[in-house]
Amino acid sequence: MTPDELLDVFHRRIRLPDADTIPGWKVEHEGFVHRSYVEGAEGAGFVETPRGLGDDPDAVIAGELAFFQERGLPFEWKTYAYDEPADLGERLIRAGFSQEDPETLILGEVDRILERPSALPSKAVLREAEGPEDFHRIAVLMDTLWHSGLTGVEERLAAEARMFPERLSVFLVEDGLKREGPVASAAWIRFHPGTGFASLWGGGTLPEWRRQGLYSTLLVHRARLAKDRGYEFLRVDASEDSRPILQKLGLYGVTTTTPYEWSPETR
């Protein structure tokens, strides 16, 4: 399939029905807004507008700010380069959002990935995460790489794996001789039933383990699992570091996405 064909399938199967919402989050469609959120101490929200924002975009934006402010929840408004209006990002910034780093939406057919060879260094072991200790070690890795904090990553992955084990698989790579040591790399895959799509997340690797095939091996491993479960397509929100690797492996950059963040503490 061409990049344009892949983007069209993604838009219809994933964005319009909110098929990639995190399991367990409440989903609401209100006018032009597709909203999902979870309340509580670690609560957060997420907004997209795949059908545009109508004749009064600023009123829609103000409505979402009021919704999340009332609940005291931070939230992300995720924009795609083809979203309307074309100046949506500028409007969000004027409304008090902070712009985060853009990413490339990578799409492709599972079979393209499986055509590629992959291999780990002899001392490295790839295995599925087995429980709370592994989720904690993965959170330590993510915090080391991106200063993401431990609690959120650890609790969200553990809760999702416990409640929806058929929709999430988490993998890590470690030194086979030092299993109690730091995780070298970790990644997970979410399955979106009825869409043909599986999405790939994580993939962060410690600096001393980079350029040794860990990222690509985790990618191929998850693609094989998706194929075994009958999924046709893969989706990745790729940083500029991972984008070239994914494209070299046979996937396509089809558009860019930019998150805009808002938190009650900023008001």
# chains A, B, ... in the order shown; residues from 1 in each chain; ligands from 1
$ closest_atom_pairs --of "segment 165-253 of chain A" --to "segment 140-148 of chain A" --cutoff "8 Å" --atoms "only C-alpha atoms" --output "JSON lines"
{"residue": "A:Pro182", "atom": "CA", "partner": "A:Leu141", "partner_atom": "CA", "distance": 7.2}
{"residue": "A:Val183", "atom": "CA", "partner": "A:Leu141", "partner_atom": "CA", "distance": 6.3}
{"residue": "A:Ala184", "atom": "CA", "partner": "A:Leu141", "partner_atom": "CA", "distance": 7.7}
{"residue": "A:Ser185", "atom": "CA", "partner": "A:Leu141", "partner_atom": "CA", "distance": 7.6}
{"residue": "A:Gly204", "atom": "CA", "partner": "A:Met142", "partner_atom": "CA", "distance": 7.0}
{"residue": "A:Thr205", "atom": "CA", "partner": "A:Leu145", "partner_atom": "CA", "distance": 7.9}
{"residue": "A:Leu206", "atom": "CA", "partner": "A:Leu145", "partner_atom": "CA", "distance": 7.3}
$ write_last_selection --atoms "N, CA and C atoms" --output "compact mmCIF listing (two decimals), in the first residue's frame"
# COMPACT_ATOMS: atom_id res chain seq x y z
N PRO A 182 20.36 -3.27 35.27
CA PRO A 182 19.40 -2.41 34.56
C PRO A 182 18.91 -3.04 33.27
N VAL A 183 17.66 -2.73 32.92
CA VAL A 183 17.11 -3.14 31.64
C VAL A 183 17.82 -2.36 30.54
N ALA A 184 18.25 -3.07 29.50
CA ALA A 184 18.97 -2.41 28.40
C ALA A 184 18.02 -1.70 27.45
N SER A 185 16.86 -2.31 27.20
CA SER A 185 15.86 -1.74 26.30
C SER A 185 14.51 -2.36 26.63
N GLY A 204 13.03 2.63 24.05
CA GLY A 204 14.19 3.33 24.56
C GLY A 204 15.31 2.37 24.94
N THR A 205 16.55 2.76 24.66
CA THR A 205 17.70 1.89 24.89
C THR A 205 18.81 2.67 25.60
N LEU A 206 19.44 2.04 26.59
CA LEU A 206 20.56 2.68 27.28
C LEU A 206 21.68 3.01 26.29
$ residues_around --residues "Ser239 of chain A" --least-positions-apart "2" --cutoff "9 Å" --atoms "only C-alpha atoms" --output "short mmCIF file (atom, residue, chain, number, x, y, z; two decimals) with N, CA and C atoms, in the first residue's frame"
data_model
loop_
_atom_site.label_atom_id
_atom_site.label_comp_id
_atom_site.auth_asym_id
_atom_site.auth_seq_id
_atom_site.Cartn_x
_atom_site.Cartn_y
_atom_site.Cartn_z
N ASP A 101 7.46 18.34 21.46
CA ASP A 101 8.18 17.98 20.25
C ASP A 101 7.30 17.21 19.28
N PRO A 102 7.34 17.54 18.00
CA PRO A 102 6.56 16.79 17.01
C PRO A 102 7.14 15.39 16.81
N GLU A 103 6.28 14.50 16.35
CA GLU A 103 6.68 13.14 16.02
C GLU A 103 6.17 12.81 14.62
N THR A 104 6.72 11.76 14.04
CA THR A 104 6.26 11.30 12.74
C THR A 104 5.36 10.09 12.92
N ASP A 237 4.29 6.16 16.72
CA ASP A 237 4.53 7.60 16.82
C ASP A 237 6.01 7.77 17.09
N ASP A 241 14.81 10.23 16.44
CA ASP A 241 15.84 9.20 16.58
C ASP A 241 15.41 7.87 15.96
N SER A 242 14.14 7.49 16.17
CA SER A 242 13.68 6.18 15.71
C SER A 242 13.12 6.20 14.29
N ARG A 243 12.72 7.37 13.79
CA ARG A 243 12.12 7.45 12.46
C ARG A 243 13.00 6.84 11.36
#
$ closest_residue --among "A:Thr49, A:Thr21, A:Thr195, A:Gln69" --to "His34 of chain A" --atoms "only C-alpha atoms"
A:Thr49
$ closest_atom_pairs --of "segment 151-256 of chain A" --to "segment 8-13 of chain A" --cutoff "9 Å" --atoms "only C-alpha atoms" --output "Markdown table"
| residue | atom | partner | partner_atom | distance |
| --- | --- | --- | --- | --- |
| A:Gly194 | CA | A:Arg13 | CA | 8.6 |
| A:Thr195 | CA | A:Arg13 | CA | 5.6 |
| A:Gly196 | CA | A:Arg13 | CA | 8.3 |
| A:Phe197 | CA | A:Phe10 | CA | 8.2 |
| A:Arg235 | CA | A:Phe10 | CA | 8.6 |
$ write_last_selection --atoms "C-alpha atoms" --output "CSV table (one decimal), in the first residue's frame"
chain,number,residue,atom,x,y,z
A,194,GLY,CA,-11.3,-5.2,14.8
A,195,THR,CA,-9.0,-2.6,13.1
A,196,GLY,CA,-6.2,-4.7,11.7
A,197,PHE,CA,-3.8,-2.3,13.5
A,235,ARG,CA,1.6,2.1,13.8
$ closest_residue --among "A:Asp228, A:Glu240, A:Glu261, A:Asp4" --to "Leu114 of chain A" --atoms "only C-alpha atoms"
A:Asp228
$ select_by_dssp --residues "segment 188-265 of chain A" --states "helix (DSSP H, G or I)" --output "list in words"
Pro207, Glu208, Trp209, Leu214, Tyr215, Ser216, Thr217, Leu218, Leu219, Val220, His221, Arg222, Ala223, Arg224, Leu225, Ala226, Lys227, Asp228, Arg243, Pro244, Ile245, Leu246, Gln247, Lys248, Pro264 and Glu265 of chain A
$ residues_around --residues "Val220 of chain A" --least-positions-apart "2" --cutoff "12 Å" --atoms "only C-alpha atoms" --output "PyMOL selection string"
chain A and resi 110-120+126+171+187-189+200+203+213-218+222-227+234+245-246+249-251
$ closest_residue --among "A:Pro23, A:Pro207, A:Pro165, A:Pro132" --to "Val153 of chain A" --atoms "only C-alpha atoms"
A:Pro132
$ closest_residue --among "A:Ala129, A:Leu88, A:Leu172, A:Ala66" --to "Glu48 of chain A" --atoms "only C-alpha atoms"
A:Leu88
$ closest_residue --among "A:Thr79, A:Ser98, A:Ser199, A:Ser169" --to "Ser263 of chain A" --atoms "only C-alpha atoms"
A:Ser98
$ decode --residues "segment 220-267 of chain A" --atoms "N, CA and C atoms" --output "compact mmCIF listing (two decimals), in the first residue's frame"
# COMPACT_ATOMS: atom_id res chain seq x y z
N VAL A 220 10.97 -6.32 15.26
CA VAL A 220 10.63 -7.53 14.50
C VAL A 220 9.90 -8.54 15.38
N HIS A 221 10.32 -8.65 16.62
CA HIS A 221 9.67 -9.60 17.55
C HIS A 221 8.19 -9.25 17.73
N ARG A 222 7.91 -7.97 17.91
CA ARG A 222 6.52 -7.55 18.09
C ARG A 222 5.72 -7.68 16.79
N ALA A 223 6.37 -7.42 15.66
CA ALA A 223 5.69 -7.59 14.37
C ALA A 223 5.31 -9.05 14.15
N ARG A 224 6.18 -9.95 14.55
CA ARG A 224 5.88 -11.38 14.40
C ARG A 224 4.69 -11.77 15.28
N LEU A 225 4.64 -11.22 16.47
CA LEU A 225 3.51 -11.49 17.36
C LEU A 225 2.21 -10.95 16.76
N ALA A 226 2.28 -9.73 16.19
CA ALA A 226 1.10 -9.16 15.54
C ALA A 226 0.63 -10.04 14.38
N LYS A 227 1.57 -10.49 13.58
CA LYS A 227 1.24 -11.38 12.45
C LYS A 227 0.57 -12.65 12.95
N ASP A 228 1.10 -13.24 14.00
CA ASP A 228 0.53 -14.48 14.55
C ASP A 228 -0.90 -14.28 15.03
N ARG A 229 -1.23 -13.05 15.45
CA ARG A 229 -2.57 -12.77 15.95
C ARG A 229 -3.50 -12.24 14.85
N GLY A 230 -3.01 -12.19 13.63
CA GLY A 230 -3.86 -11.81 12.51
C GLY A 230 -3.92 -10.34 12.20
N TYR A 231 -2.98 -9.54 12.70
CA TYR A 231 -2.98 -8.11 12.44
C TYR A 231 -2.18 -7.80 11.17
N GLU A 232 -2.67 -6.83 10.39
CA GLU A 232 -2.07 -6.49 9.09
C GLU A 232 -1.12 -5.30 9.14
N PHE A 233 -1.41 -4.34 10.04
CA PHE A 233 -0.72 -3.05 10.00
C PHE A 233 -0.08 -2.72 11.34
N LEU A 234 1.01 -1.95 11.26
CA LEU A 234 1.70 -1.45 12.44
C LEU A 234 1.65 0.07 12.44
N ARG A 235 1.57 0.63 13.64
CA ARG A 235 1.58 2.08 13.80
C ARG A 235 2.61 2.46 14.88
N VAL A 236 3.38 3.49 14.62
CA VAL A 236 4.35 4.00 15.58
C VAL A 236 4.30 5.53 15.54
N ASP A 237 4.29 6.16 16.72
CA ASP A 237 4.53 7.60 16.82
C ASP A 237 6.01 7.77 17.09
N ALA A 238 6.77 8.12 16.07
CA ALA A 238 8.23 8.01 16.12
C ALA A 238 8.91 9.34 16.40
N SER A 239 9.89 9.29 17.28
CA SER A 239 10.78 10.43 17.48
C SER A 239 11.73 10.52 16.29
N GLU A 240 12.48 11.61 16.26
CA GLU A 240 13.42 11.79 15.16
C GLU A 240 14.56 10.77 15.24
N ASP A 241 14.81 10.23 16.44
CA ASP A 241 15.84 9.20 16.58
C ASP A 241 15.41 7.87 15.96
N SER A 242 14.14 7.49 16.17
CA SER A 242 13.68 6.18 15.71
C SER A 242 13.12 6.20 14.29
N ARG A 243 12.72 7.37 13.79
CA ARG A 243 12.12 7.45 12.46
C ARG A 243 13.00 6.84 11.36
N PRO A 244 14.29 7.17 11.28
CA PRO A 244 15.10 6.59 10.20
C PRO A 244 15.21 5.07 10.28
N ILE A 245 15.26 4.53 11.50
CA ILE A 245 15.35 3.08 11.66
C ILE A 245 14.08 2.42 11.13
N LEU A 246 12.94 2.97 11.51
CA LEU A 246 11.66 2.40 11.08
C LEU A 246 11.50 2.46 9.57
N GLN A 247 11.90 3.57 8.97
CA GLN A 247 11.78 3.70 7.51
C GLN A 247 12.74 2.76 6.80
N LYS A 248 13.93 2.58 7.36
CA LYS A 248 14.89 1.65 6.78
C LYS A 248 14.35 0.22 6.82
N LEU A 249 13.54 -0.08 7.84
CA LEU A 249 12.98 -1.42 7.99
C LEU A 249 11.73 -1.65 7.14
N GLY A 250 11.28 -0.62 6.42
CA GLY A 250 10.20 -0.83 5.48
C GLY A 250 8.88 -0.15 5.79
N LEU A 251 8.83 0.69 6.84
CA LEU A 251 7.61 1.41 7.16
C LEU A 251 7.68 2.82 6.56
N TYR A 252 6.54 3.53 6.58
CA TYR A 252 6.45 4.84 5.93
C TYR A 252 6.10 5.93 6.94
N GLY A 253 6.75 7.09 6.78
CA GLY A 253 6.30 8.28 7.48
C GLY A 253 5.18 8.92 6.67
N VAL A 254 3.96 8.98 7.24
CA VAL A 254 2.80 9.42 6.45
C VAL A 254 2.33 10.83 6.81
N THR A 255 2.65 11.29 8.01
CA THR A 255 2.32 12.66 8.41
C THR A 255 3.04 12.93 9.72
N THR A 256 2.93 14.14 10.22
CA THR A 256 3.51 14.46 11.53
C THR A 256 2.40 14.73 12.53
N THR A 257 2.72 14.50 13.79
CA THR A 257 1.80 14.79 14.88
C THR A 257 2.51 15.69 15.88
N THR A 258 1.76 16.59 16.51
CA THR A 258 2.32 17.47 17.53
C THR A 258 1.39 17.49 18.73
N PRO A 259 1.90 17.11 19.91
CA PRO A 259 1.07 17.20 21.12
C PRO A 259 1.15 18.59 21.75
N TYR A 260 0.03 19.02 22.27
CA TYR A 260 -0.04 20.27 23.04
C TYR A 260 -0.56 19.92 24.44
N GLU A 261 0.19 20.32 25.44
CA GLU A 261 -0.10 19.92 26.82
C GLU A 261 -0.70 21.08 27.60
N TRP A 262 -1.64 20.71 28.49
CA TRP A 262 -2.21 21.70 29.41
C TRP A 262 -2.33 21.06 30.78
N SER A 263 -2.00 21.83 31.80
CA SER A 263 -2.09 21.33 33.17
C SER A 263 -2.74 22.37 34.06
N PRO A 264 -3.54 21.96 35.04
CA PRO A 264 -4.16 22.95 35.96
C PRO A 264 -3.12 23.80 36.66
N GLU A 265 -1.91 23.26 36.88
CA GLU A 265 -0.88 24.01 37.60
C GLU A 265 -0.38 25.22 36.82
N THR A 266 -0.63 25.21 35.49
CA THR A 266 -0.14 26.31 34.66
C THR A 266 -1.10 27.49 34.64
N ARG A 267 -2.27 27.34 35.23
CA ARG A 267 -3.27 28.41 35.15
C ARG A 267 -3.27 29.24 36.41
